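These notes are about the structure you will find just below.
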4 protein chains.
Amino acid sequence: MEKKRRKGRTKAVTEDVHSKYEKILRASIKVFAQNGFHRSKISQIAKEAGIADGTIYLYFKNKDDILIKIFEDRLEKNLAELKSKLEKIEDPYEQLKFFISHHLALFDTNRGLIEVLTVELRMSNKFMKEYVPQRFGEYLNLLSGIIRRGKDKGIFRPDVMPGVAKRVIYGALDGILVYLILAPKPKYDLNTCVDQITSIMVSGLLKK
Amino acid sequence: MEKKRRKGRTKAVTEDVHSKYEKILRASIKVFAQNGFHRSKISQIAKEAGIADGTIYLYFKNKDDILIKIFEDRLEKNLAELKSKLEKIEDPYEQLKFFISHHLALFDTNRGLIEVLTVELRMSNKFMKEYVPQRFGEYLNLLSGIIRRGKDKGIFRPDVMPGVAKRVIYGALDGILVYLILAPKPKYDLNTCVDQITSIMVSGLLKK
Amino acid sequence: MEKKRRKGRTKAVTEDVHSKYEKILRASIKVFAQNGFHRSKISQIAKEAGIADGTIYLYFKNKDDILIKIFEDRLEKNLAELKSKLEKIEDPYEQLKFFISHHLALFDTNRGLIEVLTVELRMSNKFMKEYVPQRFGEYLNLLSGIIRRGKDKGIFRPDVMPGVAKRVIYGALDGILVYLILAPKPKYDLNTCVDQITSIMVSGLLKK
Amino acid sequence: MEKKRRKGRTKAVTEDVHSKYEKILRASIKVFAQNGFHRSKISQIAKEAGIADGTIYLYFKNKDDILIKIFEDRLEKNLAELKSKLEKIEDPYEQLKFFISHHLALFDTNRGLIEVLTVELRMSNKFMKEYVPQRFGEYLNLLSGIIRRGKDKGIFRPDVMPGVAKRVIYGALDGILVYLILAPKPKYDLNTCVDQITSIMVSGLLKK
DNA sequence: TATGAATGAGTGTTCATTCAT
DNA sequence: TATGAATGAACACTCATTCAT
């Protein structure tokens, strides 16, 4: 009977589970953003999530796993959203502009995540060699795809190499985000940054 | 024997000190590059440097201090060199090209340092709040200086904001270096990267 | 459904309880035998018994209590059986032979139990001071009783002290069981062991 | 120079090291004897040894390793001593008597060790399968050697199997030691036990 | 009765740092 | 200066036990 009742409420249970899983994920992003992965303590995360230390281990294998899951989950969500939106845009030029503004917008909508991504993703790339978030590669490939299509359409310069350009552009975005994160009172607002980076990048890519 | 030599040549002592200081710095760069700052053990560094653990504390306040000194020392050297070389170049366009190739060239000449800079500098920027390497700001300002002069000379677009552009360019360079570091067998060699990034950046900055 | 049945047959409930109690006991013996008491997890026992972790606490106070109950229950059963069988034997010499073969036979009939008894009983004797299984003392006293009667009948040597001899004999049996348990492929089979130990012990105890 | 001086005092250094190693070993035996291996805390051992917790890890790989080293070191010492003493005895009968009294005497001379051996050695035999103390096998083989020689000389019964008998005898000794350890006030003193066990065992092994 | 998610106290181990030599 | 043995604070993780359902 118990079981049946539970089976009848699978969704509710799932929601409950997810809500705790989500709670931990959110708390972790916040704590990691504040202190960095290595200086963050499990007990801090637990406190932030309003649960017991041990509970974390019901949802995550270990501390590393939390970071991995942040990447997986959040990058995936962002990737899916970005993909579907990009599909609705025809012009590679507009796609690129959209990509740039969408990525930088994360700074406002999900600052903690951005702080974790800019700093910890890079660390993890280098040291958690078992798991290099694949979604990140896909994310970069959205960029190279845009560029490639732009070249095909004769909008972007033919000598631009998408495989390099995607890293140049992502790096540029990253550089700006680091600035926005670190500067106590940034002189330049988000819109200015979007415009500048778009302008610098896009004009450079345009066939003249 | 050691002692005798020391008594005879005070200067030599200083040299010895420096040589040991240098040894530790070099060893640290190597070890940090391999394992990252947090996973690197003082004992590893000591072993790599061929000295005792305790000796490190005669030259550095603590583990953080080693990282700080890497930034200070190496950034300063690179900065000084870069500055003097840039002064010999008139054209801001050429200056920028030189900056880019000089920075990326570090990957070949001092790979360990680059690995530490790309990963740990970012971390430290965010978490070692006591010390945010000033030299790094100066390094970026070389870039904004070039751009500003380029604007003044009517070479670069007037609407480019040097304060933003310097971070865009540095970020782009950084993005490429991360790629070169992480990719087991990079598809693009250093020269290709220099050309691509220069092309993308510079053309973008050129007044049409 | 469950409830209905329960309401109808109170006795059945008791049976159910016992059957679950038994399930847990059996599962525990198996798990303890495999991993030892300390390395065994409540969750393992629950899984082995096919019930939930929490259910165990409806039948046992705590983990220690399971071990205690294994001793109480199984020793009691074995004791009762052994007692009644020994009563049917007149000759102390034959009684001793029977005791030995009966004890060693447990290795075949209830190997898990033997593994737990030989290892954990000793531990518990020393460390679970709250409960030193009384049945075990009674078990040993079966031996001293046999010896005493043998002395009275002039079969065993008068200088043999039953209080010491019972431990010597039990120790010898224990030593053999440890061998049988630990040796991957014992060179000597159970019967050989029974013969040898009987021969060594009994001949030594016989008045010449 | 430092090094030379040290090399000159290798013995002293070794002594120092050994004294700390020994301190930890002794402290561990005491603490393990009191609480059993699993209930013993590293911090207890450290406190008992008058050192810091971390120091233990300079001399032992981990907690298990301490137990292993107790077995290795102490069994080896006892084995060597026993061996050399047994070699001076001709008569297998006297050798057996000596073995028995020597083993039981450990109860007086090194009670803590005996408490650890009787309880933890058995546990470790079963669970630390990576390391089953070889010395223990050699120890048992001293017994089978004695019996074998006794058979060859026509002193012991030809049908006694040394491989079984050694375990019977060791088990008997073990059973007595467990009694001496556990009984708050043993009714039988060590000498009585030695006599009884010798009498029971030896008479049984003697050819009549 | 039965469940199993949640708890949180408890501990082995690491490693930056110190300091007697 | 140089050493490296010693220190001990710090922390991730486990698991027996509880309790709301």
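Following the order of the structure tokens, first chain is A, next is B, and so on, with residues numbered from 1 inside each chain and ligands from 1 in the order they appear.
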
Distance-based interface of chain F with chain D, 9 Å, counting only C-alpha atoms (C1' of nucleotides), as a list in words: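 Written out as asked, the residues are DA2, DT3, DA5, DA6, DT7 and DG8 of chain F.
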
I need the residues from that last selection saved to file as a PDB file, in the first residue's frame (with N, CA and C atoms (P, O5', C5', C4', C3', O3' and C1' of nucleotides)), if you can.
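selection_23.pdb written:
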```
ATOM      1  P    DA F   2      70.908  28.288   2.517  1.00  0.00           P
ATOM      2  O5'  DA F   2      70.713  27.011   3.440  1.00  0.00           O
ATOM      3  C5'  DA F   2      71.814  26.145   3.643  1.00  0.00           C
ATOM      4  C4'  DA F   2      71.347  24.894   4.350  1.00  0.00           C
ATOM      5  C3'  DA F   2      70.048  24.301   3.812  1.00  0.00           C
ATOM      6  O3'  DA F   2      70.352  22.959   3.453  1.00  0.00           O
ATOM      7  C1'  DA F   2      69.958  24.496   6.177  1.00  0.00           C
ATOM      8  P    DT F   3      69.196  22.029   2.846  1.00  0.00           P
ATOM      9  O5'  DT F   3      68.734  21.248   4.123  1.00  0.00           O
ATOM     10  C5'  DT F   3      69.719  20.499   4.853  1.00  0.00           C
ATOM     11  C4'  DT F   3      69.087  19.958   6.114  1.00  0.00           C
ATOM     12  C3'  DT F   3      67.802  19.176   5.888  1.00  0.00           C
ATOM     13  O3'  DT F   3      68.062  17.814   6.098  1.00  0.00           O
ATOM     14  C1'  DT F   3      67.666  20.613   7.787  1.00  0.00           C
ATOM     15  P    DA F   5      63.384  13.157   8.666  1.00  0.00           P
ATOM     16  O5'  DA F   5      62.973  13.116  10.198  1.00  0.00           O
ATOM     17  C5'  DA F   5      63.920  13.498  11.193  1.00  0.00           C
ATOM     18  C4'  DA F   5      63.201  14.017  12.424  1.00  0.00           C
ATOM     19  C3'  DA F   5      61.951  13.247  12.831  1.00  0.00           C
ATOM     20  O3'  DA F   5      61.868  13.280  14.254  1.00  0.00           O
ATOM     21  C1'  DA F   5      61.337  15.456  12.241  1.00  0.00           C
ATOM     22  P    DA F   6      60.681  12.573  14.972  1.00  0.00           P
ATOM     23  O5'  DA F   6      59.668  13.772  15.214  1.00  0.00           O
ATOM     24  C5'  DA F   6      60.090  14.849  16.052  1.00  0.00           C
ATOM     25  C4'  DA F   6      58.989  15.879  16.142  1.00  0.00           C
ATOM     26  C3'  DA F   6      57.588  15.331  16.453  1.00  0.00           C
ATOM     27  O3'  DA F   6      57.130  15.913  17.660  1.00  0.00           O
ATOM     28  C1'  DA F   6      57.527  16.850  14.614  1.00  0.00           C
ATOM     29  P    DT F   7      55.693  15.585  18.181  1.00  0.00           P
ATOM     30  O5'  DT F   7      54.827  16.778  17.590  1.00  0.00           O
ATOM     31  C5'  DT F   7      55.216  18.115  17.874  1.00  0.00           C
ATOM     32  C4'  DT F   7      54.356  19.069  17.088  1.00  0.00           C
ATOM     33  C3'  DT F   7      52.848  18.910  17.318  1.00  0.00           C
ATOM     34  O3'  DT F   7      52.354  20.046  17.982  1.00  0.00           O
ATOM     35  C1'  DT F   7      53.378  19.186  15.014  1.00  0.00           C
ATOM     36  P    DG F   8      51.304  19.927  19.097  1.00  0.00           P
ATOM     37  O5'  DG F   8      49.979  20.251  18.305  1.00  0.00           O
ATOM     38  C5'  DG F   8      49.916  21.432  17.508  1.00  0.00           C
ATOM     39  C4'  DG F   8      48.742  21.329  16.553  1.00  0.00           C
ATOM     40  C3'  DG F   8      47.510  20.595  17.107  1.00  0.00           C
ATOM     41  O3'  DG F   8      46.337  21.181  16.553  1.00  0.00           O
ATOM     42  C1'  DG F   8      48.192  19.539  15.186  1.00  0.00           C
TER      43       DG F   8
END
```

After fitting chain A to chain C over all Cα atoms matched in order, what RMSD is left?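 So the superposition leaves a C-alpha RMSD of 1.8 Å.
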
Kindly provide, as a PyMOL selection string, the residues of chain D having any atom no farther than 12 Å from an atom of chain E, counting only C-alpha atoms (C1' of nucleotides). chain D and resi 2+5-6+38-44+53-58+60-64

Show me a table, sorted first by chain and then by increasing residue number, of the residues of chain A having an atom at most 6 Å from chain B, each with its shortest atom pair and the distance in Å to one decimal, counting only C-alpha atoms and written as JSON lines.
```
{"residue": "A:Arg167", "atom": "CA", "partner": "B:Gly175", "partner_atom": "CA", "distance": 5.4}
{"residue": "A:Val168", "atom": "CA", "partner": "B:Ala172", "partner_atom": "CA", "distance": 4.3}
{"residue": "A:Gly171", "atom": "CA", "partner": "B:Gly175", "partner_atom": "CA", "distance": 4.1}
{"residue": "A:Ala172", "atom": "CA", "partner": "B:Gly171", "partner_atom": "CA", "distance": 4.3}
{"residue": "A:Gly175", "atom": "CA", "partner": "B:Gly171", "partner_atom": "CA", "distance": 4.1}
{"residue": "A:Ile176", "atom": "CA", "partner": "B:Arg167", "partner_atom": "CA", "distance": 5.9}
{"residue": "A:Ile200", "atom": "CA", "partner": "B:Gly204", "partner_atom": "CA", "distance": 5.0}
{"residue": "A:Ser203", "atom": "CA", "partner": "B:Gly204", "partner_atom": "CA", "distance": 4.8}
{"residue": "A:Gly204", "atom": "CA", "partner": "B:Gly204", "partner_atom": "CA", "distance": 3.4}
```

Would you mind exporting C-alpha atoms of the selected residues as a PDB file, in the first residue's frame?
```pdb
ATOM      1  CA  ARG A 167      38.422  29.899 -28.696  1.00  0.00           C
ATOM      2  CA  VAL A 168      39.365  33.460 -29.466  1.00  0.00           C
ATOM      3  CA  GLY A 171      38.317  33.729 -24.478  1.00  0.00           C
ATOM      4  CA  ALA A 172      37.321  37.304 -25.150  1.00  0.00           C
ATOM      5  CA  GLY A 175      38.098  37.918 -20.213  1.00  0.00           C
ATOM      6  CA  ILE A 176      35.260  40.371 -19.944  1.00  0.00           C
ATOM      7  CA  ILE A 200      35.583  44.144 -32.125  1.00  0.00           C
ATOM      8  CA  SER A 203      33.888  43.688 -37.589  1.00  0.00           C
ATOM      9  CA  GLY A 204      37.004  41.633 -37.590  1.00  0.00           C
TER      10      GLY A 204
END
```

Could you give me, as a count of residues only, each residue of stretch 13-198 of chain B that DSSP assigns to alpha helix (DSSP H) when run on this structure's backbone? 137

Can you measure atom CA of A:Lys85 to atom CA of A:Lys23 for me? One decimal in Å is fine.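 For atom CA of A:Lys85 relative to atom CA of A:Lys23, the distance reads 27.5 Å.
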